[in-house]
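Below is the file structure11.csv, which contains CSV, C-alpha atoms.
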```csv
chain,number,residue,atom,x,y,z
A,1,MET,CA,116.5,156.9,134.3
A,2,LYS,CA,119.8,155.8,132.7
A,3,ILE,CA,122.7,158.2,132.5
A,4,GLU,CA,126.5,158.1,131.9
A,5,SER,CA,128.1,158.1,135.4
A,6,SER,CA,130.6,160.8,134.6
A,7,LEU,CA,127.9,163.0,133.2
A,8,LEU,CA,125.8,162.6,136.3
A,9,ILE,CA,128.7,163.5,138.6
A,10,ASP,CA,129.6,166.5,136.5
A,11,GLU,CA,126.0,167.8,136.7
A,12,LEU,CA,125.9,167.3,140.4
A,13,GLN,CA,129.3,169.0,140.8
A,14,ALA,CA,128.0,172.0,138.9
A,15,LEU,CA,124.8,172.1,141.0
A,16,THR,CA,126.9,172.0,144.2
A,17,GLU,CA,129.1,174.8,143.0
A,18,LYS,CA,126.0,176.9,142.2
A,19,SER,CA,124.5,176.3,145.7
A,20,SER,CA,127.8,177.2,147.3
A,21,GLY,CA,128.1,180.4,145.3
A,22,GLN,CA,124.5,181.4,146.3
A,23,VAL,CA,125.1,180.7,150.0
A,24,GLN,CA,128.5,182.5,149.9
A,25,LYS,CA,126.5,185.7,149.0
A,26,PHE,CA,124.5,185.4,152.2
A,27,LYS,CA,127.7,186.2,154.1
A,28,SER,CA,127.2,189.9,153.2
A,29,LEU,CA,123.8,190.0,154.9
A,30,THR,CA,123.3,191.4,158.4
A,31,ASP,CA,122.3,189.2,161.4
A,32,VAL,CA,118.8,190.7,161.3
A,33,GLN,CA,118.4,189.8,157.6
A,34,LEU,CA,119.8,186.2,158.2
A,35,ASN,CA,117.3,185.7,161.0
A,36,PHE,CA,114.3,187.3,159.4
A,37,LYS,CA,111.2,185.1,159.1
A,38,PRO,CA,108.6,186.0,156.4
A,39,ASN,CA,105.9,184.7,158.9
A,40,PRO,CA,106.1,183.1,162.3
A,41,GLN,CA,105.8,179.6,161.0
A,42,ALA,CA,108.4,180.0,158.2
A,43,TRP,CA,112.1,179.4,158.5
A,44,SER,CA,114.7,182.1,158.4
A,45,ILE,CA,117.7,181.9,156.0
A,46,LEU,CA,119.9,180.6,158.8
A,47,GLU,CA,117.3,177.9,159.6
A,48,CYS,CA,117.2,176.8,156.0
A,49,ILE,CA,120.9,176.4,156.0
A,50,GLU,CA,121.1,174.7,159.4
A,51,HIS,CA,118.5,172.2,158.2
A,52,LEU,CA,120.9,171.3,155.4
A,53,ASN,CA,123.8,171.0,157.8
A,54,LEU,CA,121.7,168.5,159.9
A,55,TYR,CA,121.3,166.4,156.7
A,56,GLY,CA,125.0,166.8,155.9
A,57,ASP,CA,125.8,165.5,159.4
A,58,TYR,CA,124.0,162.3,158.6
A,59,TYR,CA,124.7,161.8,154.9
A,60,LEU,CA,128.3,163.0,154.4
A,61,PRO,CA,129.9,160.5,156.8
A,62,GLU,CA,127.7,157.8,155.4
A,63,ILE,CA,128.6,158.5,151.8
A,64,GLU,CA,132.3,158.8,152.8
A,65,ARG,CA,132.2,155.4,154.5
A,66,GLN,CA,130.5,153.7,151.6
A,67,ILE,CA,132.9,155.2,149.0
A,68,LEU,CA,135.9,154.1,151.1
A,69,ALA,CA,134.5,150.6,151.4
A,70,ALA,CA,133.8,150.4,147.6
A,71,VAL,CA,137.2,151.7,146.4
A,72,GLY,CA,139.0,149.0,144.4
A,73,LYS,CA,135.8,147.3,143.2
A,74,PRO,CA,135.1,148.0,139.5
A,75,ALA,CA,133.2,151.2,138.6
A,76,SER,CA,130.5,151.2,136.0
A,77,PRO,CA,130.3,153.8,133.1
A,78,VAL,CA,126.5,153.9,133.2
A,79,PHE,CA,124.2,154.6,136.2
A,80,LYS,CA,120.6,153.4,136.3
A,81,THR,CA,118.4,154.9,139.0
A,82,GLY,CA,116.5,152.7,141.3
A,83,TRP,CA,112.7,153.3,141.3
A,84,LEU,CA,112.6,154.3,144.9
A,85,GLY,CA,115.8,156.4,144.8
A,86,ASN,CA,114.5,158.1,141.7
A,87,TYR,CA,111.2,158.8,143.4
A,88,PHE,CA,112.9,160.4,146.4
A,89,ALA,CA,115.3,162.5,144.3
A,90,GLY,CA,112.3,163.6,142.1
A,91,LEU,CA,110.4,164.7,145.3
A,92,MET,CA,113.3,167.0,146.1
A,93,GLN,CA,114.0,168.3,142.7
A,94,VAL,CA,113.2,171.9,141.7
A,95,GLN,CA,111.3,171.9,138.4
A,96,ASP,CA,111.2,175.2,136.6
A,97,GLY,CA,111.5,177.1,139.9
A,98,LYS,CA,108.6,175.1,141.4
A,99,MET,CA,108.9,172.7,144.3
A,100,LYS,CA,106.4,170.6,146.2
A,101,ARG,CA,105.9,171.7,149.8
A,102,MET,CA,106.6,169.1,152.4
A,103,LYS,CA,107.2,168.8,156.1
A,104,SER,CA,110.7,168.1,157.4
A,105,PRO,CA,111.2,165.2,159.9
A,106,LYS,CA,111.3,166.5,163.4
A,107,ASP,CA,115.0,165.6,164.0
A,108,LYS,CA,116.0,167.7,161.0
A,109,VAL,CA,114.2,170.9,162.2
A,110,PRO,CA,116.8,173.4,163.3
A,111,SER,CA,116.6,174.7,166.9
A,112,HIS,CA,116.9,178.4,166.7
A,113,SER,CA,119.1,178.9,169.8
A,114,GLU,CA,122.2,177.4,168.2
A,115,LEU,CA,122.3,179.5,165.0
A,116,SER,CA,124.9,182.1,164.2
A,117,ARG,CA,126.9,183.1,161.2
A,118,THR,CA,129.1,180.0,161.6
A,119,THR,CA,126.1,178.1,160.3
A,120,ILE,CA,127.0,179.5,156.9
A,121,ASP,CA,130.7,178.7,157.3
A,122,ARG,CA,129.8,175.1,158.4
A,123,PHE,CA,127.6,174.7,155.3
A,124,LEU,CA,130.3,175.9,153.0
A,125,LYS,CA,132.8,173.4,154.6
A,126,GLN,CA,130.3,170.6,154.1
A,127,GLN,CA,129.9,171.6,150.5
A,128,GLU,CA,133.7,171.4,150.0
A,129,LEU,CA,133.6,167.9,151.5
A,130,LEU,CA,130.7,167.0,149.2
A,131,LYS,CA,132.6,168.2,146.1
A,132,SER,CA,135.6,166.0,147.2
A,133,LEU,CA,133.3,163.0,147.7
A,134,LEU,CA,131.7,163.5,144.2
A,135,GLN,CA,135.2,163.5,142.8
A,136,GLN,CA,136.1,160.4,144.7
A,137,SER,CA,132.9,158.7,143.6
A,138,LYS,CA,134.2,158.6,140.0
A,139,ALA,CA,136.3,155.6,141.0
A,140,VAL,CA,133.4,153.6,142.5
A,141,ASP,CA,130.2,152.0,141.1
A,142,LEU,CA,127.3,154.5,141.7
A,143,GLN,CA,124.8,151.7,141.3
A,144,ARG,CA,126.2,148.8,143.3
A,145,THR,CA,127.5,151.0,146.2
A,146,LYS,CA,124.6,151.5,148.6
A,147,THR,CA,124.1,154.0,151.4
A,148,ALA,CA,121.7,154.0,154.4
A,149,ILE,CA,119.1,156.7,154.5
A,150,SER,CA,118.0,158.9,157.4
A,151,LEU,CA,114.3,158.2,157.0
A,152,THR,CA,114.3,154.4,157.7
A,153,LYS,CA,116.8,151.6,158.5
A,154,LEU,CA,114.9,149.3,156.2
A,155,LEU,CA,116.1,150.7,153.0
A,156,ARG,CA,119.4,151.5,151.3
A,157,LEU,CA,119.7,153.6,148.2
A,158,ARG,CA,122.2,153.5,145.3
A,159,LEU,CA,125.0,156.0,145.8
A,160,GLY,CA,124.0,157.8,142.6
A,161,ASP,CA,120.5,158.2,143.9
A,162,THR,CA,121.6,159.3,147.3
A,163,PHE,CA,123.8,162.0,145.7
A,164,ARG,CA,120.9,163.1,143.6
A,165,PHE,CA,118.5,163.2,146.6
A,166,PHE,CA,121.0,165.0,148.8
A,167,ILE,CA,122.1,167.6,146.3
A,168,TYR,CA,118.6,168.3,145.0
A,169,HIS,CA,117.5,168.8,148.6
A,170,ILE,CA,120.3,171.3,149.0
A,171,GLU,CA,119.2,173.1,145.8
A,172,ARG,CA,115.6,173.3,147.1
A,173,HIS,CA,116.4,174.9,150.4
A,174,VAL,CA,119.0,177.3,149.0
A,175,LEU,CA,116.3,178.5,146.7
A,176,GLN,CA,114.0,178.8,149.7
A,177,ALA,CA,116.6,180.9,151.4
A,178,GLU,CA,117.1,183.1,148.4
A,179,ARG,CA,113.4,183.7,148.2
A,180,ILE,CA,113.5,184.9,151.9
A,181,SER,CA,116.3,187.3,151.0
A,182,LYS,CA,114.3,188.6,148.0
A,183,LYS,CA,111.2,189.2,150.2
A,184,GLN,CA,113.4,191.5,152.2
A,185,GLY,CA,114.6,193.2,149.1
A,186,VAL,CA,118.2,192.2,149.6
A,187,LEU,CA,120.6,190.4,147.2
B,1,MET,CA,143.8,180.2,181.6
B,2,THR,CA,146.9,182.4,181.3
B,3,HIS,CA,149.4,182.8,184.1
B,4,THR,CA,150.6,186.3,184.3
B,5,PRO,CA,154.3,186.6,184.6
B,6,SER,CA,155.9,190.0,185.1
B,7,PHE,CA,156.0,191.2,181.5
B,8,ALA,CA,152.3,190.4,181.2
B,9,GLN,CA,151.7,192.3,184.5
B,10,GLN,CA,153.6,195.3,183.3
B,11,LEU,CA,151.8,195.1,180.0
B,12,ILE,CA,148.5,195.0,181.8
B,13,ALA,CA,149.5,197.8,184.1
B,14,SER,CA,150.3,200.0,181.1
B,15,ILE,CA,147.5,198.7,178.9
B,16,HIS,CA,145.3,201.8,179.2
B,17,GLU,CA,148.1,203.8,177.5
B,18,ILE,CA,148.5,201.6,174.4
B,19,SER,CA,145.2,199.8,174.0
B,20,GLN,CA,141.8,200.4,172.6
B,21,PRO,CA,138.8,199.3,174.8
B,22,LYS,CA,136.2,197.1,173.1
B,23,THR,CA,132.9,195.6,174.2
B,24,LEU,CA,131.4,192.5,172.7
B,25,SER,CA,127.8,191.4,173.2
B,26,LYS,CA,127.1,187.7,173.8
B,27,GLY,CA,127.9,185.6,170.8
B,28,GLU,CA,129.7,188.4,169.0
B,29,PHE,CA,132.9,187.5,167.1
B,30,LEU,CA,136.2,189.1,167.9
B,31,LEU,CA,137.9,187.1,165.0
B,32,ARG,CA,136.6,184.8,162.4
B,33,GLU,CA,138.3,182.0,160.5
B,34,GLY,CA,140.2,183.4,157.6
B,35,ASP,CA,140.8,186.8,159.2
B,36,VAL,CA,144.4,187.7,160.0
B,37,GLU,CA,144.9,188.2,163.8
B,38,ARG,CA,146.6,191.6,164.3
B,39,ASN,CA,146.0,192.0,168.0
B,40,PHE,CA,146.5,190.7,171.5
B,41,TYR,CA,143.6,191.1,173.9
B,42,TRP,CA,143.5,191.5,177.6
B,43,ILE,CA,140.1,190.6,179.0
B,44,GLU,CA,138.7,192.9,181.7
B,45,THR,CA,135.3,191.3,182.3
B,46,GLY,CA,133.4,188.5,180.6
B,47,ALA,CA,134.6,185.4,178.8
B,48,VAL,CA,135.5,184.3,175.3
B,49,ARG,CA,136.1,181.0,173.6
B,50,VAL,CA,138.6,180.2,170.8
B,51,PHE,CA,137.2,177.5,168.6
B,52,TYR,CA,137.8,175.6,165.4
B,53,LEU,CA,134.9,174.8,163.1
B,54,SER,CA,134.8,171.5,161.2
B,55,GLU,CA,132.1,170.3,158.8
B,56,TYR,CA,130.3,168.8,161.8
B,57,GLU,CA,131.0,170.7,164.9
B,58,GLU,CA,132.7,173.5,166.8
B,59,GLN,CA,135.7,172.5,168.9
B,60,VAL,CA,136.8,174.8,171.7
B,61,VAL,CA,140.6,175.0,172.0
B,62,ARG,CA,140.9,177.7,174.6
B,63,PHE,CA,139.0,180.0,176.9
B,64,GLY,CA,139.8,183.5,178.1
B,65,TYR,CA,138.1,185.3,181.0
B,66,ALA,CA,138.8,188.2,183.4
B,67,GLY,CA,142.6,188.7,183.5
B,68,SER,CA,143.5,186.5,180.5
B,69,LEU,CA,145.6,187.5,177.6
B,70,ILE,CA,144.2,185.9,174.5
B,71,THR,CA,144.8,185.9,170.7
B,72,SER,CA,144.6,183.5,167.8
B,73,LEU,CA,148.3,182.8,168.5
B,74,SER,CA,149.6,181.2,165.3
B,75,SER,CA,147.9,183.8,163.1
B,76,PHE,CA,149.2,186.5,165.3
B,77,ILE,CA,152.7,185.2,164.9
B,78,THR,CA,152.7,184.3,161.2
B,79,ALA,CA,150.2,186.9,159.9
B,80,GLN,CA,148.5,184.0,158.0
B,81,PRO,CA,144.7,183.7,158.1
B,82,SER,CA,143.4,182.3,161.4
B,83,GLU,CA,142.1,178.8,161.6
B,84,PHE,CA,140.1,179.8,164.7
B,85,TYR,CA,137.2,181.9,165.7
B,86,ILE,CA,137.1,183.9,168.9
B,87,ALA,CA,133.6,184.7,170.2
B,88,ALA,CA,132.2,186.2,173.4
B,89,LEU,CA,130.4,183.7,175.7
B,90,ARG,CA,128.7,186.6,177.4
B,91,LYS,CA,129.0,190.4,177.4
B,92,THR,CA,132.8,191.0,177.5
B,93,THR,CA,134.9,194.1,177.8
B,94,LEU,CA,138.5,193.8,176.6
B,95,HIS,CA,141.5,195.9,175.7
B,96,VAL,CA,143.0,195.5,172.2
B,97,VAL,CA,146.8,195.9,171.8
B,98,SER,CA,147.9,195.8,168.2
B,99,LYS,CA,151.0,193.8,167.2
B,100,PRO,CA,153.1,196.9,166.4
B,101,GLN,CA,152.2,198.4,169.8
B,102,LEU,CA,153.0,195.2,171.6
B,103,MET,CA,156.3,194.8,169.7
B,104,GLU,CA,157.3,198.4,170.5
B,105,ARG,CA,156.9,197.5,174.2
B,106,VAL,CA,158.7,194.2,173.8
B,107,HIS,CA,161.7,195.8,172.2
B,108,ALA,CA,161.8,198.9,174.5
B,109,ASN,CA,164.6,197.3,176.5
B,110,GLN,CA,166.5,194.1,177.2
B,111,GLU,CA,164.4,193.3,180.2
B,112,SER,CA,161.0,193.5,178.6
B,113,LEU,CA,162.3,191.4,175.7
B,114,GLN,CA,163.4,188.7,178.2
B,115,GLN,CA,160.1,188.8,179.9
B,116,TYR,CA,158.3,188.5,176.6
B,117,VAL,CA,160.3,185.3,176.1
B,118,VAL,CA,159.0,184.1,179.5
B,119,LEU,CA,155.5,184.9,178.4
B,120,LEU,CA,155.9,182.9,175.2
B,121,GLU,CA,157.5,180.0,177.1
B,122,ASN,CA,154.5,180.0,179.4
B,123,LEU,CA,152.2,179.8,176.4
B,124,LEU,CA,154.2,177.0,175.0
B,125,THR,CA,154.0,175.1,178.3
B,126,GLN,CA,150.3,175.5,178.3
B,127,GLN,CA,150.0,174.2,174.8
B,128,ILE,CA,151.9,171.1,175.8
B,129,ASP,CA,149.6,170.7,178.8
B,130,ARG,CA,146.7,170.9,176.5
B,131,GLU,CA,148.2,168.3,174.2
B,132,MET,CA,148.7,166.0,177.2
B,133,ASP,CA,145.0,166.6,178.2
B,134,LEU,CA,143.9,165.3,174.8
B,135,LEU,CA,146.1,162.2,175.0
B,136,ILE,CA,144.7,161.2,178.4
B,137,THR,CA,141.8,158.8,177.9
B,138,SER,CA,140.2,158.9,181.4
B,139,PRO,CA,137.6,161.7,181.4
B,140,SER,CA,137.9,162.3,185.1
B,141,GLU,CA,141.7,162.6,184.9
B,142,ARG,CA,141.3,165.0,182.0
B,143,LEU,CA,138.9,167.1,184.1
B,144,ARG,CA,141.2,167.0,187.2
B,145,ARG,CA,144.2,168.3,185.2
B,146,VAL,CA,142.2,171.2,183.7
B,147,LEU,CA,140.8,172.2,187.1
B,148,GLN,CA,144.3,172.2,188.6
B,149,ARG,CA,145.4,174.7,186.0
B,150,SER,CA,142.2,176.7,186.0
B,151,PRO,CA,140.3,176.3,189.3
B,152,LEU,CA,137.7,179.0,188.3
B,153,LEU,CA,136.7,177.3,185.1
B,154,PHE,CA,133.2,176.4,186.3
B,155,GLN,CA,132.6,179.8,187.7
B,156,GLU,CA,133.5,181.5,184.4
B,157,ILE,CA,132.5,179.1,181.6
B,158,PRO,CA,129.1,177.4,180.9
B,159,LEU,CA,129.3,173.6,181.4
B,160,LYS,CA,128.5,172.7,177.8
B,161,TYR,CA,131.6,174.6,176.5
B,162,ILE,CA,133.8,173.0,179.2
B,163,ALA,CA,132.6,169.6,178.0
B,164,ASN,CA,133.3,170.5,174.4
B,165,TYR,CA,136.8,171.7,175.4
B,166,LEU,CA,137.4,168.4,177.2
B,167,ARG,CA,136.0,166.5,174.3
B,168,MET,CA,133.2,164.8,176.2
B,169,LYS,CA,129.4,164.9,176.3
B,170,PRO,CA,127.9,167.5,178.7
B,171,GLU,CA,126.2,164.5,180.4
B,172,THR,CA,129.6,162.8,181.0
B,173,LEU,CA,131.0,165.9,182.5
B,174,SER,CA,128.0,166.3,184.8
B,175,ARG,CA,128.3,162.7,185.9
B,176,ILE,CA,132.0,162.8,186.7
B,177,ARG,CA,131.6,166.2,188.4
B,178,ASN,CA,129.0,164.8,190.7
B,179,SER,CA,130.7,161.5,191.5
```

Do you think you could lay out the structure here as structure tokens?
Amino acid sequence: MKIESSLLIDELQALTEKSSGQVQKFKSLTDVQLNFKPNPQAWSILECIEHLNLYGDYYLPEIERQILAAVGKPASPVFKTGWLGNYFAGLMQVQDGKMKRMKSPKDKVPSHSELSRTTIDRFLKQQELLKSLLQQSKAVDLQRTKTAISLTKLLRLRLGDTFRFFIYHIERHVLQAERISKKQGVL
Amino acid sequence: MTHTPSFAQQLIASIHEISQPKTLSKGEFLLREGDVERNFYWIETGAVRVFYLSEYEEQVVRFGYAGSLITSLSSFITAQPSEFYIAALRKTTLHVVSKPQLMERVHANQESLQQYVVLLENLLTQQIDREMDLLITSPSERLRRVLQRSPLLFQEIPLKYIANYLRMKPETLSRIRNS
């Protein structure tokens, strides 16, 4: 896939805004609604969001580091996805409201004991940082700037692909959380 | 963590006349980031933590337990939204004194005004102590200073929150405590 860099960033900004807006709405729910599990194996709304926070804990500092290191080098007006980065991003992406089920890595499964309403506040703070990083990334090369990934140390992805993977992953779990709220007949 | 000079003692003695009692269950919030702090609290039983939330973690800046006066101070003074949360560490009963009620007490006479100044001076000194804590690199020295100020800390506050307050890992705190 080939896309104008600025177009990609604008799309990702819009998606990030949308996810923030949806999670903002969860603030009006009660603790019981936020902790409700549709079935014993399923996650609650707060668990979905904490799962995203755990990804943010890894990716946001990494993205921030790589952008800082790349500032000053020439940016490119066009971004071409890498085959692997495109594959990962595609796995995460919601297509017509449908998403492939998958298992999360153990270290990214939220532990229930730590969850409270600050989970939502923390997510929204991470989203603000993400928006700022997207803005900053306009000055760097989305293709030549590489970031580490949480799955393996052997691979690095193009910044543009990391953003796509990370932000589609957020979209996926925010949708999951919305479905849990709909199951309870709220929002 | 608060020393109680005489204005505070008087305030506490008369607190039942001017305050509303309030009970928090474990984990419940007294104040959230973005709220404006309109009260002072005197803790009767239990414990609370005042903390700041970043993108990545919660950072405790202050504790309150039985006998402490606590508030989100800068928000209380400026009436701007609080940067801090206040949450109960266990079941906590406290007395809520609103800012107008407190100010009425403070301005009742010259003496109470002077004593209020002493109370604020105490809080200021504690803030500077805290700033010093954070500048000191040795973890054991940091712990020693805090225990000098608050000898009951370990009786009142779970270890993981003390570690967070001291900006060290719980394992580090355990280790220096046992050495």

For chain A against chain B, which residues fall within 12 Å using all atoms listed in the file, given as a count of residues only? 30

For Asn164 (chain B): contacts at 8 Å, all atoms listed in the file, fewer than 6 positions along chain excluded, given as a PDB file with C-alpha atoms, keeping the file's coordinate frame:
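To be explicit, this is the file written out as part.pdb:
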```
ATOM      1  CA  GLN B  59     135.700 172.500 168.900  1.00  0.00           C
ATOM      2  CA  VAL B  60     136.800 174.800 171.700  1.00  0.00           C
ATOM      3  CA  PRO B 170     127.900 167.500 178.700  1.00  0.00           C
TER       4      PRO B 170
END
```

Considering all atoms listed in the file, state which residue in the set A:Leu142, A:Val23, A:Met102, A:Leu154 is at the smallest distance from Ala177 (chain A). A:Val23

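What separates CA of Ser111 (chain A) from CA of Ser150 (chain A) is a distance of 18.5 Å.
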
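Candidate residues B:Arg49, B:Ser98, B:Ala66, B:Leu73 were compared for distance to Ile18 (chain B), and the nearest is B:Ser98, using only C-alpha atoms.
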
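CA of Phe84 (chain B) is found 21.0 Å from CA of Val146 (chain B).
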
If we count all atoms listed in the file, what is near Lys18 (chain A) at a cut-off of 12 Å, once residues fewer than 4 positions away on the same chain are taken out, given as a PyMOL selection string? chain A and resi 11-14+22-25+124+127+131+167-168+170-171+174-175

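As for CA of Ser174 (chain B) and CA of Ile136 (chain B), they are spaced 18.6 Å apart.
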
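Distances here use only C-alpha atoms; by that measure, the residue among B:Gln101, B:Ser75, B:Gln114, B:Thr92 closest to Ile15 (chain B) is B:Gln101.
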
Please identify all polymer residues within 9 Å of region 129-133 of chain B, counting only C-alpha atoms, omitting same-chain residues fewer than 2 positions from it, and present them as a ChimeraX atom specification. /B:61,124-127,135-137,141-143,145-146,166
